[in-house]
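Asks: Just so it is clear, I am handing over run.txt, which has compact mmCIF, C-alpha atoms.
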```txt
# COMPACT_ATOMS: atom_id res chain seq x y z
CA MET A 272 -11.04 -6.03 -18.53
CA SER A 273 -11.47 -7.88 -15.26
CA ASP A 274 -14.13 -10.56 -14.92
CA GLN A 275 -15.98 -8.48 -12.39
CA ILE A 276 -16.13 -5.43 -14.67
CA ALA A 277 -17.33 -7.60 -17.55
CA ARG A 278 -20.02 -9.13 -15.35
CA LEU A 279 -21.20 -5.75 -14.06
CA SER A 280 -21.19 -4.30 -17.60
CA ASN A 281 -23.36 -7.15 -18.84
CA GLU A 282 -25.71 -6.71 -15.91
CA LEU A 283 -26.05 -3.00 -16.66
CA ALA A 284 -26.59 -3.68 -20.35
CA ARG A 285 -29.42 -6.04 -19.47
CA ASP A 286 -31.05 -3.48 -17.17
CA PRO A 287 -29.83 0.09 -17.80
CA SER A 288 -32.00 1.46 -15.00
CA SER A 289 -30.32 -0.81 -12.46
CA LEU A 290 -28.18 0.62 -9.66
CA VAL A 291 -25.38 -1.70 -10.69
CA PHE A 292 -23.78 1.31 -12.39
CA LEU A 293 -22.56 2.30 -8.91
CA ALA A 294 -20.54 -0.89 -8.50
CA LEU A 295 -19.32 -0.78 -12.09
CA ALA A 296 -18.11 2.82 -11.93
CA GLU A 297 -16.45 2.18 -8.57
CA GLN A 298 -14.67 -0.87 -9.94
CA LEU A 299 -13.51 1.10 -12.98
CA ARG A 300 -12.33 3.88 -10.68
CA GLN A 301 -10.30 1.43 -8.64
CA ASN A 302 -8.80 0.10 -11.87
CA LEU A 303 -7.81 3.69 -12.67
CA GLU A 304 -10.04 3.73 -15.75
CA LEU A 305 -11.26 7.11 -14.63
CA GLU A 306 -12.73 8.51 -17.85
CA VAL A 307 -14.79 5.39 -18.41
CA ALA A 308 -15.82 5.43 -14.75
CA ARG A 309 -16.96 9.05 -15.15
CA LYS A 310 -19.07 8.20 -18.21
CA VAL A 311 -20.75 5.31 -16.39
CA ALA A 312 -21.44 7.47 -13.34
CA LEU A 313 -22.85 10.34 -15.43
CA ARG A 314 -25.09 7.98 -17.37
CA GLY A 315 -26.32 6.53 -14.10
CA LEU A 316 -26.98 10.01 -12.74
CA ASP A 317 -29.09 10.81 -15.80
CA ARG A 318 -31.47 8.11 -14.62
CA HIS A 319 -31.04 8.63 -10.88
CA PRO A 320 -30.34 12.34 -10.39
CA HIS A 321 -31.35 12.35 -6.74
CA LEU A 322 -29.21 9.44 -5.64
CA ALA A 323 -26.71 10.72 -3.08
CA ALA A 324 -24.44 7.69 -3.49
CA ALA A 325 -24.10 8.40 -7.22
CA HIS A 326 -23.05 12.00 -6.58
CA GLU A 327 -20.52 10.76 -4.02
CA LEU A 328 -19.14 8.32 -6.54
CA LEU A 329 -18.81 10.99 -9.21
CA ALA A 330 -17.10 13.22 -6.64
CA ARG A 331 -14.51 10.53 -5.94
CA ILE A 332 -13.85 10.14 -9.66
CA HIS A 333 -13.41 13.90 -10.06
CA ALA A 334 -11.07 13.91 -7.07
CA ASP A 335 -8.98 11.12 -8.60
CA LEU A 336 -8.79 13.12 -11.81
CA GLY A 337 -7.53 16.10 -9.81
CA GLU A 338 -10.73 18.10 -10.47
CA LEU A 339 -11.14 19.25 -6.91
CA ASP A 340 -13.75 21.97 -7.46
CA ARG A 341 -16.02 19.60 -9.36
CA ALA A 342 -15.49 16.97 -6.69
CA PHE A 343 -16.47 19.45 -4.00
CA GLU A 344 -19.65 20.40 -5.90
CA GLU A 345 -20.70 16.76 -6.23
CA TRP A 346 -20.02 16.06 -2.56
CA GLU A 347 -22.00 19.18 -1.68
CA MET A 348 -24.90 17.85 -3.78
CA ALA A 349 -24.63 14.47 -2.04
CA ARG A 350 -24.66 16.24 1.33
CA GLN A 351 -27.86 18.07 0.45
CA LEU A 352 -29.53 14.88 -0.80
CA GLY A 353 -28.38 12.81 2.17
CA PRO A 354 -27.77 15.09 5.16
CA ALA A 355 -27.21 12.13 7.47
CA ARG A 356 -24.38 10.71 5.35
CA SER A 357 -20.88 11.30 6.67
CA GLY A 358 -19.13 10.50 3.35
CA PRO A 359 -19.85 13.82 1.62
CA ARG A 360 -18.43 15.81 4.52
CA LYS A 361 -15.37 13.59 4.61
CA GLY A 362 -14.89 14.14 0.87
CA MET A 363 -15.37 17.88 1.14
CA GLY A 364 -12.90 17.93 4.01
CA PHE A 365 -10.44 16.01 1.83
CA VAL A 366 -10.77 18.63 -0.93
CA ARG A 367 -10.26 21.50 1.48
CA PHE A 368 -7.23 19.70 2.94
CA ARG A 369 -5.76 19.28 -0.55
CA GLN A 370 -6.39 22.95 -1.18
CA GLY A 371 -4.62 23.93 2.01
CA ARG A 372 -7.82 25.28 3.60
CA LEU A 373 -7.21 23.50 6.85
CA ASP A 374 -9.76 25.35 9.00
CA GLU A 375 -12.57 24.32 6.68
CA ALA A 376 -11.13 20.82 6.32
CA GLN A 377 -11.12 20.41 10.08
CA ARG A 378 -14.70 21.63 10.47
CA LEU A 379 -15.98 19.33 7.75
CA LEU A 380 -14.12 16.32 9.12
CA GLU A 381 -15.36 17.07 12.63
CA ASP A 382 -18.90 17.01 11.23
CA ALA A 383 -18.17 13.72 9.43
CA VAL A 384 -16.85 12.12 12.61
CA ALA A 385 -19.82 13.43 14.60
CA LEU A 386 -22.19 11.84 12.08
CA ASP A 387 -20.37 8.53 12.05
CA PRO A 388 -18.02 8.06 15.03
CA SER A 389 -17.17 4.54 13.79
CA ASP A 390 -15.59 5.88 10.57
CA GLU A 391 -11.91 5.32 11.33
CA SER A 392 -10.67 6.85 8.10
CA ALA A 393 -12.50 10.11 8.87
CA ALA A 394 -11.03 10.11 12.37
CA ARG A 395 -7.53 9.53 10.96
CA ALA A 396 -8.01 12.27 8.39
CA LEU A 397 -9.16 14.62 11.13
CA ALA A 398 -6.11 13.76 13.20
CA ALA A 399 -3.90 14.40 10.16
CA VAL A 400 -5.48 17.81 9.58
CA ARG A 401 -5.10 18.76 13.22
CA ASN A 402 -1.50 17.62 13.12
CA GLN A 403 -0.86 19.60 9.94
CA ARG A 404 -2.38 22.70 11.51
CA HIS A 405 -0.26 22.16 14.57
CA GLN A 406 2.87 21.89 12.41
CA ASN A 407 1.85 25.04 10.51
CA GLY A 408 1.25 26.93 13.74
CA GLY A 409 3.27 30.14 13.68
CA GLY A 410 4.36 29.41 10.11
CA ASN A 411 3.23 31.24 7.00
CA GLY A 412 -0.34 31.45 8.16
CA THR A 413 -1.73 28.70 5.96
CA GLY A 414 -4.52 27.01 7.83
CA ASN A 415 -3.92 29.25 10.80
CA GLY A 416 -6.36 31.81 12.04
CA ALA A 417 -10.00 32.64 11.41
CA GLY A 418 -12.00 31.00 8.67
CA SER A 419 -12.62 34.28 6.89
CA ALA A 420 -8.93 34.61 6.11
CA GLN A 421 -8.92 31.26 4.36
CA GLY A 422 -11.16 32.35 1.52
CA VAL A 423 -8.87 35.21 0.65
CA GLU A 424 -5.75 33.08 0.68
CA ALA A 425 -7.21 30.18 -1.23
CA GLY A 426 -8.62 32.41 -3.91
CA ASN A 427 -12.23 33.39 -4.28
CA GLY A 428 -12.29 34.94 -7.71
CA ALA A 429 -14.42 33.60 -10.54
CA GLY A 430 -15.04 30.40 -8.65
CA VAL A 431 -11.54 29.19 -9.38
CA THR A 432 -9.74 27.83 -6.37
CA GLN A 433 -6.06 28.61 -6.33
CA PRO A 434 -4.30 26.53 -3.73
CA ALA A 435 -1.02 27.57 -2.19
CA PRO A 436 1.47 26.10 -4.71
CA VAL A 437 3.96 24.47 -2.34
CA LEU A 438 1.28 22.75 -0.31
CA SER A 439 -0.50 21.67 -3.46
CA VAL A 440 2.54 19.88 -4.89
CA ALA A 441 3.37 18.25 -1.58
CA GLU A 442 -0.20 17.15 -1.02
CA SER A 443 -0.59 15.81 -4.53
CA ALA A 444 2.49 13.66 -3.92
CA ARG A 445 1.17 12.56 -0.55
CA GLN A 446 -2.14 11.59 -2.09
CA LEU A 447 -0.64 9.90 -5.15
CA PHE A 448 -1.71 6.41 -4.14
CA ALA A 449 -4.91 7.24 -2.26
CA PRO A 450 -7.26 6.21 -5.10
CA ILE A 451 -5.67 2.77 -5.24
CA LEU A 452 -5.44 2.21 -1.51
CA GLY A 453 -9.06 3.08 -0.73
CA ASP A 454 -10.34 3.57 2.79
CA GLY A 455 -8.73 0.59 4.52
CA GLU A 456 -5.68 0.61 6.79
CA ARG A 457 -3.24 0.64 3.89
CA THR A 458 -0.44 2.89 2.92
CA ALA A 459 2.07 3.36 0.12
CA LEU A 460 5.36 5.20 -0.12
CA LEU A 461 7.69 5.97 -2.97
CA VAL A 462 11.26 6.28 -1.75
CA ASP A 463 14.28 7.34 -3.77
CA GLY A 464 17.68 5.66 -3.85
CA THR A 465 18.86 7.57 -0.79
CA GLY A 466 15.89 6.54 1.34
CA LEU A 467 14.07 9.87 1.07
CA VAL A 468 10.30 9.84 0.58
CA VAL A 469 9.23 11.12 -2.83
CA ALA A 470 5.50 10.50 -2.57
CA GLY A 471 2.94 8.88 -0.31
CA ALA A 472 2.27 9.06 3.39
CA TYR A 473 2.40 6.79 6.41
CA LEU A 474 0.08 8.01 9.12
CA THR A 475 0.07 6.63 12.61
CA GLU A 476 -3.17 6.26 14.55
CA ASP A 477 -2.70 9.71 16.06
CA GLY A 478 -2.31 11.27 12.61
CA HIS A 479 1.47 11.73 12.53
CA ASP A 480 3.14 11.13 9.20
CA VAL A 481 6.10 8.83 9.85
CA ALA A 482 6.82 8.19 6.17
CA ALA A 483 10.34 9.60 6.39
CA GLU A 484 11.32 7.26 9.23
CA ILE A 485 9.74 4.20 7.61
CA GLY A 486 11.27 5.00 4.22
CA ALA A 487 14.72 5.52 5.67
CA GLU A 488 14.63 2.34 7.75
CA LEU A 489 13.34 0.06 5.00
CA SER A 490 15.35 1.42 2.10
CA GLY A 491 18.27 -0.85 2.98
CA VAL A 492 16.31 -4.02 2.29
CA PRO A 493 16.53 -3.80 -1.54
CA GLU A 494 20.34 -3.72 -1.41
CA GLU A 495 20.28 -7.05 0.37
CA ALA A 496 17.72 -8.38 -2.10
CA GLN A 497 19.85 -7.28 -5.02
CA ARG A 498 22.92 -8.91 -3.53
CA ALA A 499 21.07 -12.19 -3.01
CA VAL A 500 19.60 -12.48 -6.52
CA GLN A 501 22.89 -11.47 -8.12
CA HIS A 502 24.90 -14.11 -6.29
CA LEU A 503 22.31 -16.81 -6.81
CA GLY A 504 21.71 -16.01 -10.48
CA LEU A 505 17.97 -15.51 -10.00
CA GLY A 506 17.70 -12.57 -12.40
CA ALA A 507 16.17 -9.24 -11.43
CA TRP A 508 14.14 -9.13 -8.23
CA SER A 509 10.55 -8.01 -8.60
CA CYS A 510 9.31 -7.81 -5.04
CA VAL A 511 10.06 -8.48 -1.39
CA VAL A 512 7.17 -9.22 0.93
CA PHE A 513 7.48 -9.57 4.66
CA GLU A 514 4.87 -10.30 7.22
CA THR A 515 5.32 -8.74 10.63
CA GLU A 516 3.26 -8.96 13.80
CA VAL A 517 1.16 -5.97 12.83
CA ALA A 518 1.42 -5.53 9.09
CA THR A 519 2.31 -7.03 5.77
CA VAL A 520 4.80 -4.99 3.78
CA ALA A 521 5.52 -5.42 0.10
CA MET A 522 8.18 -3.53 -1.81
CA ALA A 523 9.19 -3.37 -5.44
CA PRO A 524 11.72 -1.44 -7.50
CA VAL A 525 10.49 1.44 -9.68
CA HIS A 526 12.76 2.78 -12.44
CA THR A 527 15.69 0.96 -10.76
CA ARG A 528 16.49 3.99 -8.57
CA HIS A 529 13.25 4.15 -6.60
CA LEU A 530 11.51 1.80 -4.25
CA LEU A 531 7.78 1.47 -3.77
CA LEU A 532 6.48 0.20 -0.47
CA VAL A 533 2.93 -0.84 0.32
CA ALA A 534 1.82 -1.83 3.81
CA ALA A 535 -1.49 -3.20 5.00
CA GLN A 536 -2.93 -4.90 8.04
CA ARG A 537 -2.09 -8.58 8.48
CA SER A 538 -5.72 -9.44 7.83
CA GLU A 539 -5.51 -8.24 4.20
CA PRO A 540 -5.14 -11.16 1.76
CA LEU A 541 -1.57 -11.40 0.43
CA GLY A 542 -2.72 -11.64 -3.16
CA TYR A 543 -4.70 -8.42 -2.82
CA LEU A 544 -1.68 -6.66 -1.35
CA ARG A 545 0.40 -7.89 -4.25
CA ARG A 546 -2.16 -6.52 -6.68
CA MET A 547 -2.15 -3.16 -4.93
CA LEU A 548 1.64 -3.14 -5.13
CA GLU A 549 1.53 -3.68 -8.89
CA ARG A 550 -0.99 -0.91 -9.36
CA CYS A 551 0.96 1.49 -7.17
CA VAL A 552 4.15 0.68 -9.10
CA ASP A 553 2.32 1.43 -12.32
CA ARG A 554 1.03 4.70 -10.91
CA ALA A 555 4.46 5.71 -9.59
CA ASP A 556 6.03 4.81 -12.90
CA ARG A 557 3.70 7.13 -14.79
CA TRP A 558 4.03 9.85 -12.18
CA LEU A 559 7.82 9.79 -12.34
CA ALA A 560 7.68 9.83 -16.14
CA GLU A 561 5.40 12.91 -16.06
CA ASP A 562 7.81 14.57 -13.68
CA ARG A 563 10.70 14.34 -16.13
CA MET X 205 20.94 -35.01 -0.73
CA THR X 206 20.62 -35.57 3.03
CA ASN X 207 23.39 -35.24 5.57
CA PRO X 208 23.35 -36.74 9.09
CA ALA X 209 23.13 -33.36 10.75
CA THR X 210 19.65 -32.89 9.32
CA LEU X 211 18.07 -35.70 11.37
CA PRO X 212 16.76 -33.52 14.25
CA TYR X 213 15.49 -31.06 11.65
CA ASP X 214 13.80 -33.52 9.31
CA ALA X 215 10.35 -32.62 10.58
CA VAL X 216 11.02 -29.06 9.48
CA LEU X 217 12.94 -29.61 6.25
CA LEU X 218 11.30 -32.62 4.61
CA PRO X 219 7.80 -31.14 4.20
CA LEU X 220 9.43 -28.16 2.51
CA SER X 221 12.00 -29.88 0.30
CA ARG X 222 9.40 -32.29 -1.10
CA GLN X 223 7.24 -29.55 -2.54
CA ARG X 224 7.08 -28.85 -6.23
CA GLY X 225 9.69 -26.38 -7.43
CA VAL X 226 11.69 -26.39 -4.20
CA MET X 227 15.41 -26.62 -4.90
CA GLY X 228 16.47 -26.72 -1.29
CA ALA X 229 15.55 -25.99 2.29
CA LEU X 230 17.88 -25.26 5.18
CA VAL X 231 18.08 -24.08 8.76
CA ALA X 232 20.72 -21.45 9.52
CA GLY X 233 21.80 -19.14 12.28
CA GLU X 234 20.31 -15.73 11.66
CA ALA X 235 23.32 -13.81 12.92
CA ASP X 236 26.09 -15.68 11.06
CA GLY X 237 24.21 -17.29 8.17
CA LEU X 238 25.94 -20.63 8.79
CA ILE X 239 24.03 -23.78 7.85
CA ILE X 240 22.81 -25.95 10.72
CA ALA X 241 20.94 -28.47 8.60
CA SER X 242 19.97 -28.68 4.97
CA GLN X 243 18.10 -30.64 2.32
CA MET X 244 19.44 -29.37 -1.00
CA GLN X 245 19.18 -30.61 -4.54
CA TYR X 246 22.47 -31.73 -6.01
CA GLY X 247 24.47 -28.77 -7.33
CA VAL X 248 22.60 -26.09 -5.37
CA GLU X 249 24.94 -23.85 -3.39
CA GLY X 250 23.62 -24.13 0.16
CA ASP X 251 26.29 -21.96 1.76
CA ALA X 252 25.63 -18.97 -0.47
CA ILE X 253 21.86 -19.25 -0.08
CA SER X 254 22.16 -19.57 3.66
CA ALA X 255 24.45 -16.55 4.04
CA LEU X 256 22.48 -14.29 1.69
CA ALA X 257 19.00 -15.26 2.85
CA ALA X 258 19.91 -14.99 6.54
CA SER X 259 21.42 -11.57 5.89
CA LEU X 260 18.32 -10.42 3.99
CA TYR X 261 16.04 -11.73 6.72
CA ARG X 262 18.09 -10.05 9.41
CA LYS X 263 18.08 -6.74 7.55
CA ALA X 264 14.31 -6.91 7.07
CA ARG X 265 13.77 -7.83 10.72
CA LEU X 266 15.90 -4.98 12.04
CA SER X 267 14.43 -2.46 9.59
CA ALA X 268 10.85 -3.44 10.34
CA ALA X 269 11.48 -3.25 14.08
CA ALA X 270 13.10 0.18 13.71
CA ALA X 271 10.16 1.34 11.63
CA GLY X 272 7.78 0.23 14.39
CA LEU X 273 6.22 -2.56 12.34
CA GLY X 274 6.92 -5.29 14.87
CA SER X 275 9.02 -8.39 14.34
CA VAL X 276 9.23 -10.00 10.92
CA GLN X 277 7.83 -13.49 10.73
CA LEU X 278 7.94 -14.53 7.11
CA LEU X 279 9.86 -12.98 4.24
CA ARG X 280 9.67 -13.73 0.54
CA LEU X 281 11.89 -12.43 -2.22
CA GLU X 282 10.52 -12.87 -5.72
CA ALA X 283 12.83 -12.73 -8.72
CA GLU X 284 12.67 -13.63 -12.40
CA GLY X 285 14.23 -17.02 -11.76
CA GLY X 286 12.58 -18.04 -8.51
CA HIS X 287 11.86 -17.27 -4.88
CA ILE X 288 13.69 -17.15 -1.59
CA CYS X 289 11.44 -17.60 1.43
CA ALA X 290 12.61 -17.25 5.00
CA ILE X 291 10.92 -17.62 8.35
CA GLY X 292 12.56 -17.13 11.73
CA ARG X 293 12.27 -18.24 15.30
CA ASP X 294 14.58 -17.23 18.12
CA ASP X 295 18.00 -16.94 16.50
CA LEU X 296 17.32 -19.45 13.71
CA VAL X 297 15.98 -18.95 10.24
CA VAL X 298 14.46 -21.53 7.91
CA VAL X 299 15.21 -20.76 4.27
CA VAL X 300 13.67 -22.22 1.13
CA LEU X 301 14.92 -21.68 -2.40
CA ALA X 302 12.29 -22.42 -5.03
CA ASP X 303 12.00 -22.00 -8.76
CA THR X 304 9.08 -20.36 -10.54
CA ARG X 305 7.00 -23.56 -10.57
CA ALA X 306 6.56 -23.49 -6.79
CA ASN X 307 3.13 -22.98 -5.27
CA ILE X 308 3.96 -20.05 -3.02
CA GLY X 309 0.71 -20.14 -1.08
CA LEU X 310 1.27 -23.77 -0.15
CA LEU X 311 4.92 -23.18 0.62
CA ARG X 312 4.03 -20.27 2.89
CA SER X 313 1.46 -22.25 4.85
CA THR X 314 3.89 -25.16 5.21
CA MET X 315 6.58 -22.84 6.53
CA MET X 316 4.15 -21.39 9.07
CA ARG X 317 3.21 -24.92 10.10
CA VAL X 318 6.74 -26.29 10.53
CA ILE X 319 8.41 -23.34 12.24
CA PRO X 320 7.16 -24.36 15.73
CA LEU X 321 8.82 -27.76 15.16
CA LEU X 322 12.32 -26.31 15.17
CA PRO X 323 14.26 -28.12 17.92
```
Produce structure tokens that represent the structure in this file.
Replies:
Amino acid sequence: MSDQIARLSNELARDPSSLVFLALAEQLRQNLELEVARKVALRGLDRHPHLAAAHELLARIHADLGELDRAFEEWEMARQLGPARSGPRKGMGFVRFRQGRLDEAQRLLEDAVALDPSDESAARALAAVRNQRHQNGGGNGTGNGAGSAQGVEAGNGAGVTQPAPVLSVAESARQLFAPILGDGERTALLVDGTGLVVAGAYLTEDGHDVAAEIGAELSGVPEEAQRAVQHLGLGAWSCVVFETEVATVAMAPVHTRHLLLVAAQRSEPLGYLRRMLERCVDRADRWLAEDR
Amino acid sequence: MTNPATLPYDAVLLPLSRQRGVMGALVAGEADGLIIASQMQYGVEGDAISALAASLYRKARLSAAAAGLGSVQLLRLEAEGGHICAIGRDDLVVVVLADTRANIGLLRSTMMRVIPLLP
């Protein structure tokens, strides 16, 4: 347990009606202790049922757990409680994007950006949705056409959303590291031994995903790293970090045949980037193991 | 162990080689990996470090540029037995080999500080 979680837990124990449960659950969520985070959030909501921020937090936890319908419901509740908040619309847009309901995703994200034009992550998400719709244009119809068609395609029976399977798998891979990376200008990619992207995304400012190009270009670095440590008898390499003019990039091997790459703005502390790298490696490790 | 060729580069190499855990520091050509000046502990293979680190740095620089990430300034390779750090300017690269006792934060800031002093 991190010091911060211990401190927040103690604070909450001293005053159970305190709003510190928000910070504690968020910290637990970021540490991927999602079930514990959910319990803390639900307990907090018992005491503060009309707190929009608490519903938003619970929505994020549901989303991390892959419970998209529940996440949507909580964001919807947060939207009703705090109509001026942009976060709920952004979250609902995220769910619809994951479900392949791009028309709805775009509308919700447009609303989020209109409410808070300074929210760069909402603007980037909107650009990504528009780009995805553009790429789908003339394709199989997903995300193309009138909103009424979306409900039919995405399933409207018994309240169970049934996303288009191919998009769902691809999106779940793309979003694999999102809970760890948070809202900042950070990205993570999992690349296989041939330089092909397995999971993660790398979005440019205009919303284009350039993960494939980045993955292919950087996948040669580990070979050089391996050669260097082998010749110099330094044992196995655990990470390579390089600082460029615009970003800091850290990479680490996963399962010997894969490479994980995390990039963040230069202003991010190096130690924090390193910590994110470790957590993303852990996540990728478990994800690859599940995939077997 | 100091050699006469290091004299113009002392301002760059000495602050690095005197740090805890540092086994050697050198200046090499990025393209060919050949040593220009070095301050290595006895028994440490400067030529191999120079060639491999310069090659790694070059690969990272070219890859990052191709990926649109801008030019690489500082690179660090972490392994079970130690670290290789490299920082470049023009066609030169300053390389440090350190063991696991090294204070990487201090080493990094020293490398950033000395790189403008390259002749």
Asks: Counting all atoms listed in the file, what is within 9 Å of A:Ala518, bar same-chain residues fewer than 5 positions away, as a PDB file with C-alpha atoms, in the frame of the given file?
Replies:
```pdb
ATOM      1  CA  PHE A 513       7.480  -9.570   4.660  1.00  0.00           C
ATOM      2  CA  ALA A 534       1.820  -1.830   3.810  1.00  0.00           C
ATOM      3  CA  ALA A 535      -1.490  -3.200   5.000  1.00  0.00           C
ATOM      4  CA  GLN A 536      -2.930  -4.900   8.040  1.00  0.00           C
ATOM      5  CA  ARG A 537      -2.090  -8.580   8.480  1.00  0.00           C
ATOM      6  CA  SER A 538      -5.720  -9.440   7.830  1.00  0.00           C
ATOM      7  CA  GLU A 539      -5.510  -8.240   4.200  1.00  0.00           C
TER       8      GLU A 539
ATOM      9  CA  LEU X 273       6.220  -2.560  12.340  1.00  0.00           C
ATOM     10  CA  GLY X 274       6.920  -5.290  14.870  1.00  0.00           C
TER      11      GLY X 274
END
```
Asks: If we count all atoms listed in the file, which residues of chain A reach to within 10 Å of chain X? Please list them as a ChimeraX atom specification.
Replies: /A:481-500,502-523,534,541-542
Asks: What does the distance between atom CA of A:Leu313 and atom CA of A:Gln351 come to in Å, to one decimal place?
Replies: 18.4 Å
Asks: Could you check which of X:Leu211, X:Gln223, X:Leu217, X:Leu322 is closest to X:Ile308, using only C-alpha atoms?
Replies: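 Nearest to X:Ile308: X:Gln223.
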Asks: Please provide as an NGL selection string all residues within 8 Å of X:Arg305, with the sequence filter that same-chain residues fewer than 3 positions apart are discarded (counting all atoms listed in the file).
Replies: :X and (224-225 or 302)
Asks: Using all atoms listed in the file, determine which residues lie at most 7 Å from stretch 229-236 of chain X, disregarding the query and same-chain residues fewer than 3 positions distant; provide the list as a compact mmCIF listing (two decimals) with C-alpha atoms, keeping the file's coordinate frame.
Replies:
```txt
# COMPACT_ATOMS: atom_id res chain seq x y z
CA LEU X 217 12.94 -29.61 6.25
CA LEU X 220 9.43 -28.16 2.51
CA SER X 221 12.00 -29.88 0.30
CA ILE X 239 24.03 -23.78 7.85
CA ILE X 240 22.81 -25.95 10.72
CA ALA X 241 20.94 -28.47 8.60
CA SER X 242 19.97 -28.68 4.97
CA GLN X 243 18.10 -30.64 2.32
CA MET X 244 19.44 -29.37 -1.00
CA SER X 254 22.16 -19.57 3.66
CA ALA X 258 19.91 -14.99 6.54
CA ARG X 262 18.09 -10.05 9.41
CA ASP X 295 18.00 -16.94 16.50
CA LEU X 296 17.32 -19.45 13.71
CA VAL X 297 15.98 -18.95 10.24
CA VAL X 298 14.46 -21.53 7.91
CA VAL X 299 15.21 -20.76 4.27
CA VAL X 300 13.67 -22.22 1.13
CA LEU X 301 14.92 -21.68 -2.40
```
Asks: Closest to A:Ser273 among A:Leu293, A:Ala376, A:Leu299, A:Ala560, using only C-alpha atoms?
Replies: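 Selected residue with least distance to A:Ser273: A:Leu299.
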Asks: Once 5 Å is added on each side, what centre and edge lengths in Å to one decimal does the axis-aligned box around all listed atoms of stretch 447-460 of chain A have, as JSON?
Replies:
```
{"center_x": -2.5, "center_y": 5.2, "center_z": 0.8, "size_x": 25.7, "size_y": 19.3, "size_z": 22.0}
```
Asks: Please report the interatomic distance between atom CA of X:Val318 and atom CA of X:Pro219 in Å with one decimal.
Replies: 8.0 Å
Asks: Expressed in Å to a single decimal, how great is the separation between atom CA of A:Gly471 and atom CA of A:Arg528?
Replies: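 Separation of atom CA of A:Gly471 and atom CA of A:Arg528: 16.6 Å.
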Asks: From the options A:Leu303, A:Leu467, A:Leu380, A:Leu532, which residue's atoms come nearest to A:Pro450, counting all atoms listed in the file?
Replies: A:Leu303
Asks: Between A:Ala312, A:Val291, A:Ala472, A:Leu452, single out the one closest to A:Arg550, counting only C-alpha atoms.
Replies: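 The shortest atom-to-atom distance to A:Arg550 comes from A:Leu452.
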Asks: Using the block above, I'd like stretch 218-254 of chain X written out, keeping C-alpha atoms and formatting it as a compact mmCIF listing (two decimals), in the first residue's frame.
Replies:
```txt
# COMPACT_ATOMS: atom_id res chain seq x y z
CA LEU X 218 36.08 14.73 -14.93
CA PRO X 219 32.77 15.81 -13.34
CA LEU X 220 31.27 12.60 -14.67
CA SER X 221 34.03 10.11 -13.92
CA ARG X 222 34.31 11.29 -10.31
CA GLN X 223 30.74 10.42 -9.46
CA ARG X 224 29.85 7.45 -7.33
CA GLY X 225 29.37 4.26 -9.31
CA VAL X 226 30.78 5.64 -12.56
CA MET X 227 33.15 3.15 -14.18
CA GLY X 228 34.09 5.36 -17.07
CA ALA X 229 33.18 8.34 -19.19
CA LEU X 230 34.18 9.02 -22.77
CA VAL X 231 33.58 11.24 -25.78
CA ALA X 232 33.12 9.46 -29.11
CA GLY X 233 32.09 10.18 -32.66
CA GLU X 234 28.43 9.33 -33.05
CA ALA X 235 28.79 7.98 -36.58
CA ASP X 236 31.81 5.71 -36.09
CA GLY X 237 31.80 5.09 -32.34
CA LEU X 238 35.53 5.78 -32.11
CA ILE X 239 36.84 7.20 -28.84
CA ILE X 240 38.03 10.80 -28.90
CA ALA X 241 38.79 11.09 -25.20
CA SER X 242 38.14 8.91 -22.18
CA GLN X 243 38.42 8.59 -18.42
CA MET X 244 38.01 4.89 -17.70
CA GLN X 245 38.61 2.76 -14.66
CA TYR X 246 41.38 0.23 -15.10
CA GLY X 247 40.13 -2.89 -16.88
CA VAL X 248 36.99 -1.31 -18.35
CA GLU X 249 36.73 -1.86 -22.10
CA GLY X 250 36.40 1.67 -23.47
CA ASP X 251 36.36 0.69 -27.14
CA ALA X 252 33.44 -1.69 -26.79
CA ILE X 253 31.43 0.76 -24.69
CA SER X 254 32.10 3.55 -27.11
```
